[in-house]
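**Q** Input structure: upload.txt, which contains compact mmCIF, C-alpha atoms and all ligand atoms.
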# COMPACT_ATOMS: atom_id res chain seq x y z
CA MET A 1 137.66 111.18 145.41
CA LYS A 2 133.95 110.67 144.65
CA LYS A 3 133.31 109.32 141.15
CA LEU A 4 130.25 109.00 138.90
CA ILE A 5 129.72 105.39 137.80
CA ILE A 6 127.12 104.86 135.07
CA GLY A 7 125.95 101.51 133.70
CA ASN A 8 124.47 101.42 130.20
CA LEU A 9 122.46 98.22 129.85
CA LYS A 10 121.89 98.93 126.11
CA MET A 11 119.20 96.62 124.66
CA ASN A 12 119.68 93.96 127.32
CA THR A 13 117.51 92.55 130.15
CA LYS A 14 113.76 92.06 130.18
CA PRO A 15 111.75 94.03 132.75
CA SER A 16 111.41 90.89 134.87
CA GLU A 17 115.20 90.43 134.84
CA PHE A 18 115.79 94.11 135.52
CA LYS A 19 113.73 93.87 138.70
CA ASN A 20 116.28 91.54 140.23
CA TYR A 21 119.15 93.62 138.77
CA ALA A 22 117.89 96.88 140.27
CA MET A 23 117.16 95.42 143.68
CA THR A 24 120.55 93.70 143.86
CA LEU A 25 122.39 96.86 142.79
CA ALA A 26 120.51 99.01 145.30
CA THR A 27 121.35 96.61 148.11
CA LYS A 28 124.99 96.14 147.16
CA VAL A 29 125.90 99.82 146.75
CA LYS A 30 124.35 101.05 149.98
CA GLY A 31 126.76 103.40 151.71
CA THR A 32 129.07 104.00 148.74
CA LYS A 33 130.44 107.52 148.40
CA ASN A 34 130.24 107.38 144.60
CA ASP A 35 127.27 108.45 142.50
CA VAL A 36 125.71 105.40 140.86
CA VAL A 37 123.44 105.54 137.80
CA VAL A 38 121.92 102.77 135.71
CA CYS A 39 120.43 103.32 132.24
CA PRO A 40 118.03 100.51 131.28
CA PRO A 41 115.83 100.34 128.15
CA PHE A 42 112.81 102.71 128.02
CA THR A 43 110.40 99.90 128.90
CA HIS A 44 112.00 99.54 132.34
CA LEU A 45 112.01 103.19 133.40
CA HIS A 46 108.78 103.31 135.39
CA LEU A 47 109.72 100.05 137.07
CA ALA A 48 113.11 101.57 137.89
CA GLY A 49 111.27 104.52 139.43
CA GLU A 50 109.37 102.20 141.77
CA LEU A 51 112.31 99.96 142.63
CA LEU A 52 114.99 102.60 143.13
CA GLU A 53 112.91 105.37 144.69
CA HIS A 54 114.46 105.13 148.16
CA SER A 55 117.88 103.93 147.10
CA LYS A 56 121.23 105.51 146.38
CA VAL A 57 120.98 104.45 142.72
CA GLU A 58 119.77 107.01 140.19
CA PHE A 59 118.60 105.96 136.76
CA GLY A 60 118.32 107.36 133.29
CA ALA A 61 117.42 106.74 129.66
CA GLN A 62 119.85 105.74 126.92
CA ASN A 63 118.37 108.21 124.44
CA ILE A 64 115.49 110.69 124.11
CA SER A 65 113.41 112.21 121.34
CA ASP A 66 114.34 115.67 120.14
CA GLU A 67 110.61 116.44 120.02
CA GLU A 68 108.42 117.35 123.01
CA LYS A 69 105.21 115.50 122.06
CA GLY A 70 102.89 114.60 119.20
CA ALA A 71 102.94 112.55 116.02
CA PHE A 72 106.37 110.95 116.35
CA THR A 73 105.65 107.22 116.29
CA GLY A 74 108.09 105.14 118.27
CA GLU A 75 109.72 108.08 120.03
CA VAL A 76 109.93 108.71 123.79
CA SER A 77 109.97 112.27 125.08
CA ALA A 78 112.11 113.85 127.79
CA SER A 79 109.04 114.65 129.90
CA MET A 80 107.93 111.00 129.81
CA ILE A 81 111.38 109.95 130.96
CA LYS A 82 111.43 112.58 133.69
CA ASP A 83 107.97 111.48 134.87
CA SER A 84 109.33 108.00 135.60
CA GLY A 85 111.69 109.50 138.18
CA ALA A 86 114.72 109.29 135.91
CA THR A 87 117.34 111.98 136.48
CA TYR A 88 119.67 111.32 133.53
CA THR A 89 119.73 110.64 129.83
CA ILE A 90 122.61 109.56 127.66
CA ILE A 91 122.76 111.56 124.40
CA GLY A 92 124.96 111.06 121.36
CA HIS A 93 126.13 107.52 122.09
CA SER A 94 128.28 106.33 119.18
CA GLU A 95 125.82 103.51 118.48
CA ARG A 96 123.16 106.15 117.87
CA ARG A 97 125.48 108.39 115.89
CA GLY A 98 126.63 105.44 113.77
CA LYS A 99 123.74 103.02 113.37
CA TYR A 100 120.91 105.58 113.56
CA LYS A 101 122.76 108.36 111.77
CA GLU A 102 122.28 110.94 114.53
CA THR A 103 123.98 114.18 113.56
CA ASP A 104 125.55 116.78 115.84
CA ARG A 105 122.65 119.07 114.96
CA LEU A 106 120.11 116.49 116.19
CA ILE A 107 122.19 115.77 119.28
CA ASN A 108 122.31 119.49 120.05
CA LYS A 109 118.51 119.66 119.86
CA LYS A 110 118.19 116.59 122.10
CA ILE A 111 120.47 118.16 124.72
CA LYS A 112 118.33 121.31 124.76
CA THR A 113 115.15 119.23 125.09
CA ALA A 114 116.61 117.17 127.94
CA LEU A 115 117.79 120.24 129.87
CA ALA A 116 114.48 122.03 129.35
CA ASN A 117 112.78 119.07 130.98
CA GLY A 118 115.12 118.90 133.96
CA LEU A 119 117.15 115.87 132.92
CA LYS A 120 120.91 115.67 133.40
CA VAL A 121 122.76 114.81 130.22
CA VAL A 122 125.64 112.43 129.60
CA LEU A 123 126.96 113.58 126.24
CA CYS A 124 129.09 110.95 124.51
CA VAL A 125 131.91 112.01 122.20
CA GLY A 126 134.81 110.08 120.70
CA GLU A 127 136.65 109.20 117.54
CA ASN A 128 136.84 106.04 115.44
CA LEU A 129 140.08 104.18 114.73
CA GLN A 130 140.61 105.78 111.34
CA THR A 131 140.42 109.26 112.87
CA ARG A 132 142.80 108.27 115.68
CA THR A 133 145.28 106.72 113.25
CA ALA A 134 145.19 109.93 111.20
CA LYS A 135 146.06 111.82 114.42
CA GLN A 136 142.81 113.77 114.14
CA ALA A 137 141.21 112.54 117.39
CA THR A 138 141.51 115.77 119.38
CA ALA A 139 140.29 117.94 116.49
CA PHE A 140 137.38 115.56 115.97
CA VAL A 141 136.29 115.57 119.62
CA LYS A 142 136.61 119.36 119.84
CA LYS A 143 134.36 119.75 116.81
CA GLN A 144 131.78 117.41 118.33
CA LEU A 145 131.77 119.53 121.52
CA ASP A 146 131.48 122.80 119.57
CA GLU A 147 128.51 121.56 117.58
CA ASP A 148 126.75 119.53 120.26
CA LEU A 149 126.87 122.35 122.84
CA LYS A 150 125.93 125.21 120.51
CA GLY A 151 123.46 127.50 122.31
CA ILE A 152 123.77 125.70 125.66
CA TYR A 153 124.28 128.27 128.43
CA GLU A 154 127.14 128.06 130.90
CA ASN A 155 124.83 127.59 133.89
CA GLU A 156 123.24 124.60 132.12
CA LEU A 157 126.62 122.85 131.99
CA ASP A 158 126.13 121.92 135.65
CA SER A 159 123.68 119.34 134.30
CA VAL A 160 125.94 118.04 131.52
CA ALA A 161 128.67 115.42 131.90
CA ILE A 162 130.91 114.65 128.94
CA ALA A 163 131.77 110.98 128.36
CA TYR A 164 134.84 110.39 126.22
CA GLU A 165 134.11 107.10 124.48
CA PRO A 166 136.56 106.25 121.68
CA ILE A 167 134.53 104.13 119.27
CA TRP A 168 137.40 101.70 118.78
CA ALA A 169 137.38 100.95 122.51
CA ILE A 170 133.66 100.20 122.84
CA GLY A 171 133.01 96.51 123.31
CA THR A 172 136.43 95.57 121.94
CA GLY A 173 138.48 95.04 125.10
CA LYS A 174 140.89 97.73 123.87
CA VAL A 175 141.48 100.70 126.15
CA PRO A 176 143.60 103.82 125.49
CA THR A 177 146.73 104.22 127.60
CA ASN A 178 146.38 106.22 130.78
CA LYS A 179 148.42 108.95 129.10
CA ASP A 180 146.02 109.07 126.15
CA ILE A 181 142.99 109.19 128.45
CA THR A 182 144.54 112.07 130.41
CA LYS A 183 145.33 113.90 127.19
CA MET A 184 141.75 113.66 125.96
CA MET A 185 140.33 114.63 129.36
CA GLU A 186 142.49 117.77 129.16
CA THR A 187 141.47 118.44 125.56
CA ILE A 188 137.81 118.28 126.57
CA ARG A 189 138.30 120.55 129.60
CA ASN A 190 140.33 123.05 127.57
CA GLU A 191 137.65 123.16 124.89
CA ILE A 192 135.04 123.90 127.55
CA GLU A 193 137.25 126.72 128.82
CA TYR A 194 137.54 128.04 125.25
CA LEU A 195 133.76 127.82 124.68
CA TYR A 196 132.74 129.04 128.14
CA SER A 197 135.15 129.99 130.95
CA ALA A 198 137.83 128.79 133.35
CA LYS A 199 135.11 128.28 135.96
CA ALA A 200 133.12 126.05 133.60
CA LYS A 201 136.26 124.03 132.94
CA GLU A 202 136.92 123.60 136.64
CA LYS A 203 133.38 122.42 137.40
CA LEU A 204 133.08 120.09 134.41
CA THR A 205 132.45 116.37 134.91
CA VAL A 206 134.34 114.24 132.37
CA LEU A 207 133.93 110.47 132.19
CA TYR A 208 135.74 107.74 130.32
CA GLY A 209 133.88 104.89 128.58
CA GLY A 210 135.02 101.97 126.43
CA SER A 211 135.74 98.42 127.64
CA VAL A 212 135.87 99.33 131.32
CA ASN A 213 135.79 96.05 133.23
CA LEU A 214 136.75 94.41 136.50
CA SER A 215 140.39 94.09 135.52
CA ASN A 216 140.98 97.72 134.44
CA TYR A 217 138.49 99.94 136.31
CA LYS A 218 140.75 100.65 139.29
CA LYS A 219 143.57 101.94 137.11
CA ILE A 220 141.23 104.11 135.03
CA LEU A 221 139.44 105.57 138.05
CA ALA A 222 142.68 106.16 139.93
CA ASN A 223 143.42 108.77 137.24
CA ASP A 224 142.50 112.10 138.88
CA THR A 225 141.51 113.63 135.55
CA VAL A 226 138.73 111.03 135.19
CA ASN A 227 135.58 111.94 137.16
CA GLY A 228 133.89 108.63 136.47
CA VAL A 229 133.15 105.89 133.96
CA LEU A 230 130.41 104.82 131.58
CA VAL A 231 130.27 101.03 131.59
CA GLY A 232 128.55 98.97 128.88
CA GLY A 233 129.16 95.21 128.64
CA ALA A 234 130.69 94.85 132.10
CA CYS A 235 127.64 96.31 133.87
CA LEU A 236 125.44 93.45 132.67
CA ASP A 237 126.78 91.40 135.57
CA VAL A 238 125.27 93.26 138.51
CA GLU A 239 127.68 91.76 141.05
CA ASN A 240 130.68 93.00 139.04
CA PHE A 241 129.12 96.41 138.42
CA ALA A 242 128.41 96.81 142.14
CA ILE A 243 132.07 96.09 142.91
CA MET A 244 133.12 98.98 140.64
CA CYS A 245 130.52 101.28 142.20
CA LYS A 246 131.53 100.50 145.78
CA GLU A 247 135.27 101.11 145.48
CA THR A 248 136.84 104.16 147.13
CA TYR A 249 138.98 106.06 144.64
C1 LIG B 1 129.27 101.96 125.90
O1 LIG B 1 128.67 101.45 124.97
O2 LIG B 1 128.93 103.08 126.34
C2 LIG B 1 130.39 101.24 126.47
C3 LIG B 1 131.25 101.91 127.18
O3 LIG B 1 130.45 99.91 126.18
P1 LIG B 1 131.56 98.87 126.66
O4 LIG B 1 131.83 99.13 128.13
O5 LIG B 1 130.94 97.52 126.44
O6 LIG B 1 132.77 99.09 125.85
Would you write out, as structure tokens, the structure that this file holds?
**A**
Amino acid sequence: MKKLIIGNLKMNTKPSEFKNYAMTLATKVKGTKNDVVVCPPFTHLHLAGELLEHSKVEFGAQNISDEEKGAFTGEVSASMIKDSGATYTIIGHSERRGKYKETDRLINKKIKTALANGLKVVLCVGENLQTRTAKQATAFVKKQLDEDLKGIYENELDSVAIAYEPIWAIGTGKVPTNKDITKMMETIRNEIEYLYSAKAKEKLTVLYGGSVNLSNYKKILANDTVNGVLVGGACLDVENFAIMCKETY
């Protein structure tokens, strides 16, 4: 089955280093059946556009402004990102929700802005350890989906992938059991059916993210309920990331 493999470089690599990264990735993943996306820092996006133009690798931003243009110092708009040739943006990553206090209301506005500018969205949701321990994880994720997708039309969902990223699994080496991943994938799909329709549920792309690495990616991606993965730390090594992208699942 074809999978969507996304690398989030976070605030790593300088443009000069990314040049080598992008060219190596493009060469190594030639011919793969999977969809491959890399999300570098904003400063690398136009370079990514030049380097990846004729390759199989798509690229995206890690975040966007909720505003279109104007006096918003330090922000980067969806249209600027789109102009670089980017096709994706991550929205609602837990590092933005946590460290930069992004609310569901802001995330909802960002999703609308991204879609209006023709960008595909990877919406991150997921609970922290306290919420999981309190057995509130499914309720928490459902609420995030309800609020983040408010006012998004069903036909726009074709351009939205949901990434389930439990906060306690990000960068920790801890990964939920396969059973727990399946359960959350089903929770997410069922919530989409509740909010939209059975057709929307069927078409939905749901990813897993959180400590995916060379030793666990095969098992995670062999799970038919998982349409792909969002990889953080382990995508920094381009050779390793390319191995995950090339696999047939
Ligand atoms: C992430 O931050 O989106 C992520 C999945 O990170 P890591 O793979 O390092 O856990």
**Q** Kindly work out which residues sit at most 10 Å from ligand LIG 1 (chain B), using only C-alpha atoms and all ligand atoms, and give the list as a PDB file with C-alpha atoms, in the coordinates of the input.
**A**
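Output saved as selection01.pdb:
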ATOM      1  CA  ILE A   6     127.120 104.860 135.070  1.00  0.00           C
ATOM      2  CA  GLY A   7     125.950 101.510 133.700  1.00  0.00           C
ATOM      3  CA  ASN A   8     124.470 101.420 130.200  1.00  0.00           C
ATOM      4  CA  LEU A   9     122.460  98.220 129.850  1.00  0.00           C
ATOM      5  CA  LYS A  10     121.890  98.930 126.110  1.00  0.00           C
ATOM      6  CA  GLN A  62     119.850 105.740 126.920  1.00  0.00           C
ATOM      7  CA  ILE A  90     122.610 109.560 127.660  1.00  0.00           C
ATOM      8  CA  HIS A  93     126.130 107.520 122.090  1.00  0.00           C
ATOM      9  CA  SER A  94     128.280 106.330 119.180  1.00  0.00           C
ATOM     10  CA  GLU A  95     125.820 103.510 118.480  1.00  0.00           C
ATOM     11  CA  CYS A 124     129.090 110.950 124.510  1.00  0.00           C
ATOM     12  CA  ALA A 163     131.770 110.980 128.360  1.00  0.00           C
ATOM     13  CA  TYR A 164     134.840 110.390 126.220  1.00  0.00           C
ATOM     14  CA  GLU A 165     134.110 107.100 124.480  1.00  0.00           C
ATOM     15  CA  PRO A 166     136.560 106.250 121.680  1.00  0.00           C
ATOM     16  CA  ILE A 167     134.530 104.130 119.270  1.00  0.00           C
ATOM     17  CA  TRP A 168     137.400 101.700 118.780  1.00  0.00           C
ATOM     18  CA  ALA A 169     137.380 100.950 122.510  1.00  0.00           C
ATOM     19  CA  ILE A 170     133.660 100.200 122.840  1.00  0.00           C
ATOM     20  CA  GLY A 171     133.010  96.510 123.310  1.00  0.00           C
ATOM     21  CA  THR A 172     136.430  95.570 121.940  1.00  0.00           C
ATOM     22  CA  GLY A 173     138.480  95.040 125.100  1.00  0.00           C
ATOM     23  CA  LYS A 174     140.890  97.730 123.870  1.00  0.00           C
ATOM     24  CA  VAL A 175     141.480 100.700 126.150  1.00  0.00           C
ATOM     25  CA  TYR A 208     135.740 107.740 130.320  1.00  0.00           C
ATOM     26  CA  GLY A 209     133.880 104.890 128.580  1.00  0.00           C
ATOM     27  CA  GLY A 210     135.020 101.970 126.430  1.00  0.00           C
ATOM     28  CA  SER A 211     135.740  98.420 127.640  1.00  0.00           C
ATOM     29  CA  VAL A 212     135.870  99.330 131.320  1.00  0.00           C
ATOM     30  CA  ASN A 213     135.790  96.050 133.230  1.00  0.00           C
ATOM     31  CA  VAL A 229     133.150 105.890 133.960  1.00  0.00           C
ATOM     32  CA  LEU A 230     130.410 104.820 131.580  1.00  0.00           C
ATOM     33  CA  VAL A 231     130.270 101.030 131.590  1.00  0.00           C
ATOM     34  CA  GLY A 232     128.550  98.970 128.880  1.00  0.00           C
ATOM     35  CA  GLY A 233     129.160  95.210 128.640  1.00  0.00           C
ATOM     36  CA  ALA A 234     130.690  94.850 132.100  1.00  0.00           C
ATOM     37  CA  CYS A 235     127.640  96.310 133.870  1.00  0.00           C
ATOM     38  CA  LEU A 236     125.440  93.450 132.670  1.00  0.00           C
TER      39      LEU A 236
END
**Q** Each residue of region 64-112 of chain A lying at most 9 Å from region 49-58 of chain A should get a row with its shortest atom-to-atom pair and the distance in Å to one decimal, counting all atoms listed in the file; could you produce that, ordered by chain and increasing number, as a Markdown table?
**A**
| residue | atom | partner | partner_atom | distance |
| --- | --- | --- | --- | --- |
| A:Asp83 | CA | A:Gly49 | CA | 9.0 |
| A:Ser84 | CA | A:Gly49 | CA | 5.5 |
| A:Gly85 | CA | A:Gly49 | CA | 5.2 |
| A:Ala86 | CA | A:Gly49 | CA | 6.9 |
| A:Thr87 | CA | A:Glu58 | CA | 6.7 |
| A:Tyr88 | CA | A:Glu58 | CA | 7.9 |
**Q** Show which residues sit within 12 Å of Asn108 (chain A), as a list in words. Count all atoms listed in the file, and ignore same-chain residues fewer than 6 positions away.
**A** Ile64, Ser65, Asp66, Ile91, Gly92, Glu102, Ala114, Leu115, Val121, Leu123, Cys124, Gln144, Leu145, Asp146, Glu147, Asp148, Leu149, Lys150, Gly151 and Ile152 of chain A
**Q** Could you tell me which of A:Val38, A:Gln130, A:Ile181, A:Ile5 comes closest to Tyr21 (chain A) if we count all atoms listed in the file?
**A** A:Val38
**Q** Rank A:Gly98, A:Gly31, A:Pro15, A:Gly60 by their smallest atom-to-atom distance to Val122 (chain A), using only C-alpha atoms, and report the top residue only.
**A**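 Counting only C-alpha atoms, the residue closest to Val122 (chain A) is A:Gly60.
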**Q** Could you please determine the separation between CA of Lys179 (chain A) and CA of Ser197 (chain A) in Å, to one decimal place?
**A**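 Taking CA of Lys179 (chain A) and CA of Ser197 (chain A), their separation equals 24.9 Å.
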**Q** Between A:Tyr196, A:Asp180, A:Ile107, A:Asn190, single out the one closest to Ile220 (chain A), counting all atoms listed in the file.
**A**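 Smallest distance to Ile220 (chain A) is found for A:Asp180.
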**Q** Taking all atoms listed in the file into account, which of A:Lys120, A:Lys3, A:Lys110, A:Lys14 comes nearest Lys33 (chain A)?
**A**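 Checking each candidate against Lys33 (chain A), we get A:Lys3 as the closest.
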**Q** Counting only C-alpha atoms, which of A:Leu214, A:Val141, A:Leu221, A:Met11 gets nearest to Arg189 (chain A)?
**A**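 Selected residue with least distance to Arg189 (chain A): A:Val141.
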**Q** In Å to one decimal, how far is CA of Asn117 (chain A) from CA of Asn227 (chain A)?
**A** 24.7 Å
**Q** Report as a list in words all protein, DNA and RNA residues lying within 12 Å of Lys199 (chain A), evaluated on only C-alpha atoms, omitting residues in the same chain fewer than 4 positions from it.
**A** Glu154, Asn155, Leu157, Asp158, Arg189, Asn190, Ile192, Glu193, Tyr194, Leu195, Lys203 and Leu204 of chain A
**Q** Looking at all atoms listed in the file, which of A:Lys183, A:Ala242, A:Lys135, A:Val206 is the one that sits closest to Ile162 (chain A)?
**A**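 Among A:Lys183, A:Ala242, A:Lys135, A:Val206, it is A:Val206 that comes nearest to Ile162 (chain A).
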**Q** Would you work out the distance separating CA of Thr248 (chain A) from CA of Lys28 (chain A), expressed in Å to one decimal?
**A**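 Going from CA of Thr248 (chain A) over to CA of Lys28 (chain A) covers 14.3 Å.
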**Q** So that I can see what lies close to Leu4 (chain A), please list as a PDB file with C-alpha atoms, in the coordinates of the input the residues with an atom at most 8 Å from it, counting all atoms listed in the file and leaving out residues fewer than 3 positions away in the same chain.
**A**
ATOM      1  CA  ASN A  34     130.240 107.380 144.600  1.00  0.00           C
ATOM      2  CA  ASP A  35     127.270 108.450 142.500  1.00  0.00           C
ATOM      3  CA  VAL A  36     125.710 105.400 140.860  1.00  0.00           C
ATOM      4  CA  VAL A  37     123.440 105.540 137.800  1.00  0.00           C
ATOM      5  CA  LEU A 207     133.930 110.470 132.190  1.00  0.00           C
ATOM      6  CA  ASN A 227     135.580 111.940 137.160  1.00  0.00           C
ATOM      7  CA  GLY A 228     133.890 108.630 136.470  1.00  0.00           C
ATOM      8  CA  VAL A 229     133.150 105.890 133.960  1.00  0.00           C
TER       9      VAL A 229
END
**Q** With the input short on atoms, add all heavy atoms back to region 173-183 of chain A and write it as an mmCIF file, in the frame of the given file.
**A**
data_model
loop_
_atom_site.group_PDB
_atom_site.id
_atom_site.type_symbol
_atom_site.label_atom_id
_atom_site.label_comp_id
_atom_site.auth_asym_id
_atom_site.auth_seq_id
_atom_site.Cartn_x
_atom_site.Cartn_y
_atom_site.Cartn_z
ATOM 1 N N GLY A 173 137.445 95.443 124.155
ATOM 2 C CA GLY A 173 138.480 95.040 125.100
ATOM 3 C C GLY A 173 139.726 95.910 124.995
ATOM 4 O O GLY A 173 140.667 95.766 125.773
ATOM 5 N N LYS A 174 139.730 96.822 124.011
ATOM 6 C CA LYS A 174 140.890 97.730 123.870
ATOM 7 C C LYS A 174 140.613 99.009 124.667
ATOM 8 O O LYS A 174 139.507 99.539 124.602
ATOM 9 C CB LYS A 174 141.081 98.115 122.406
ATOM 10 C CG LYS A 174 141.504 96.959 121.545
ATOM 11 C CD LYS A 174 141.762 97.459 120.134
ATOM 12 C CE LYS A 174 142.011 96.275 119.215
ATOM 13 N NZ LYS A 174 141.314 96.376 117.950
ATOM 14 N N VAL A 175 141.631 99.484 125.357
ATOM 15 C CA VAL A 175 141.480 100.700 126.150
ATOM 16 C C VAL A 175 142.674 101.617 125.852
ATOM 17 O O VAL A 175 143.799 101.131 125.728
ATOM 18 C CB VAL A 175 141.444 100.347 127.672
ATOM 19 C CG1 VAL A 175 141.419 101.599 128.527
ATOM 20 C CG2 VAL A 175 140.228 99.490 127.989
ATOM 21 N N PRO A 176 142.453 102.923 125.715
ATOM 22 C CA PRO A 176 143.600 103.820 125.490
ATOM 23 C C PRO A 176 144.556 103.762 126.684
ATOM 24 O O PRO A 176 144.145 103.380 127.782
ATOM 25 C CB PRO A 176 142.955 105.211 125.407
ATOM 26 C CG PRO A 176 141.497 105.018 125.381
ATOM 27 C CD PRO A 176 141.182 103.645 125.821
ATOM 28 N N THR A 177 145.785 104.157 126.476
ATOM 29 C CA THR A 177 146.730 104.220 127.600
ATOM 30 C C THR A 177 146.255 105.308 128.553
ATOM 31 O O THR A 177 145.498 106.210 128.157
ATOM 32 C CB THR A 177 148.142 104.596 127.113
ATOM 33 O OG1 THR A 177 148.059 105.909 126.528
ATOM 34 C CG2 THR A 177 148.687 103.604 126.093
ATOM 35 N N ASN A 178 146.724 105.210 129.784
ATOM 36 C CA ASN A 178 146.380 106.220 130.780
ATOM 37 C C ASN A 178 146.779 107.612 130.304
ATOM 38 O O ASN A 178 146.066 108.597 130.512
ATOM 39 C CB ASN A 178 147.093 105.863 132.089
ATOM 40 C CG ASN A 178 146.260 106.249 133.285
ATOM 41 O OD1 ASN A 178 145.087 106.583 133.157
ATOM 42 N ND2 ASN A 178 146.872 106.233 134.445
ATOM 43 N N LYS A 179 147.921 107.672 129.620
ATOM 44 C CA LYS A 179 148.420 108.950 129.100
ATOM 45 C C LYS A 179 147.445 109.505 128.044
ATOM 46 O O LYS A 179 147.132 110.700 128.031
ATOM 47 C CB LYS A 179 149.796 108.689 128.478
ATOM 48 C CG LYS A 179 150.661 109.899 128.371
ATOM 49 C CD LYS A 179 152.066 109.519 127.939
ATOM 50 C CE LYS A 179 152.608 110.600 127.018
ATOM 51 N NZ LYS A 179 153.693 110.144 126.179
ATOM 52 N N ASP A 180 146.962 108.628 127.186
ATOM 53 C CA ASP A 180 146.020 109.070 126.150
ATOM 54 C C ASP A 180 144.680 109.503 126.750
ATOM 55 O O ASP A 180 144.045 110.449 126.265
ATOM 56 C CB ASP A 180 145.796 107.955 125.120
ATOM 57 C CG ASP A 180 146.953 107.867 124.135
ATOM 58 O OD1 ASP A 180 147.759 108.820 124.074
ATOM 59 O OD2 ASP A 180 147.066 106.840 123.439
ATOM 60 N N ILE A 181 144.254 108.786 127.786
ATOM 61 C CA ILE A 181 142.990 109.190 128.450
ATOM 62 C C ILE A 181 143.179 110.576 129.059
ATOM 63 O O ILE A 181 142.358 111.477 128.855
ATOM 64 C CB ILE A 181 142.569 108.155 129.527
ATOM 65 C CG1 ILE A 181 142.155 106.831 128.874
ATOM 66 C CG2 ILE A 181 141.406 108.710 130.367
ATOM 67 C CD1 ILE A 181 141.760 105.737 129.834
ATOM 68 N N THR A 182 144.275 110.766 129.776
ATOM 69 C CA THR A 182 144.540 112.070 130.410
ATOM 70 C C THR A 182 144.568 113.182 129.368
ATOM 71 O O THR A 182 143.984 114.256 129.559
ATOM 72 C CB THR A 182 145.899 112.031 131.166
ATOM 73 O OG1 THR A 182 145.818 110.987 132.124
ATOM 74 C CG2 THR A 182 146.208 113.338 131.859
ATOM 75 N N LYS A 183 145.213 112.889 128.238
ATOM 76 C CA LYS A 183 145.330 113.900 127.190
ATOM 77 C C LYS A 183 143.942 114.312 126.677
ATOM 78 O O LYS A 183 143.655 115.503 126.494
ATOM 79 C CB LYS A 183 146.186 113.321 126.051
ATOM 80 C CG LYS A 183 146.604 114.347 125.044
ATOM 81 C CD LYS A 183 147.554 113.768 124.008
ATOM 82 C CE LYS A 183 147.586 114.702 122.809
ATOM 83 N NZ LYS A 183 147.817 114.004 121.556
#
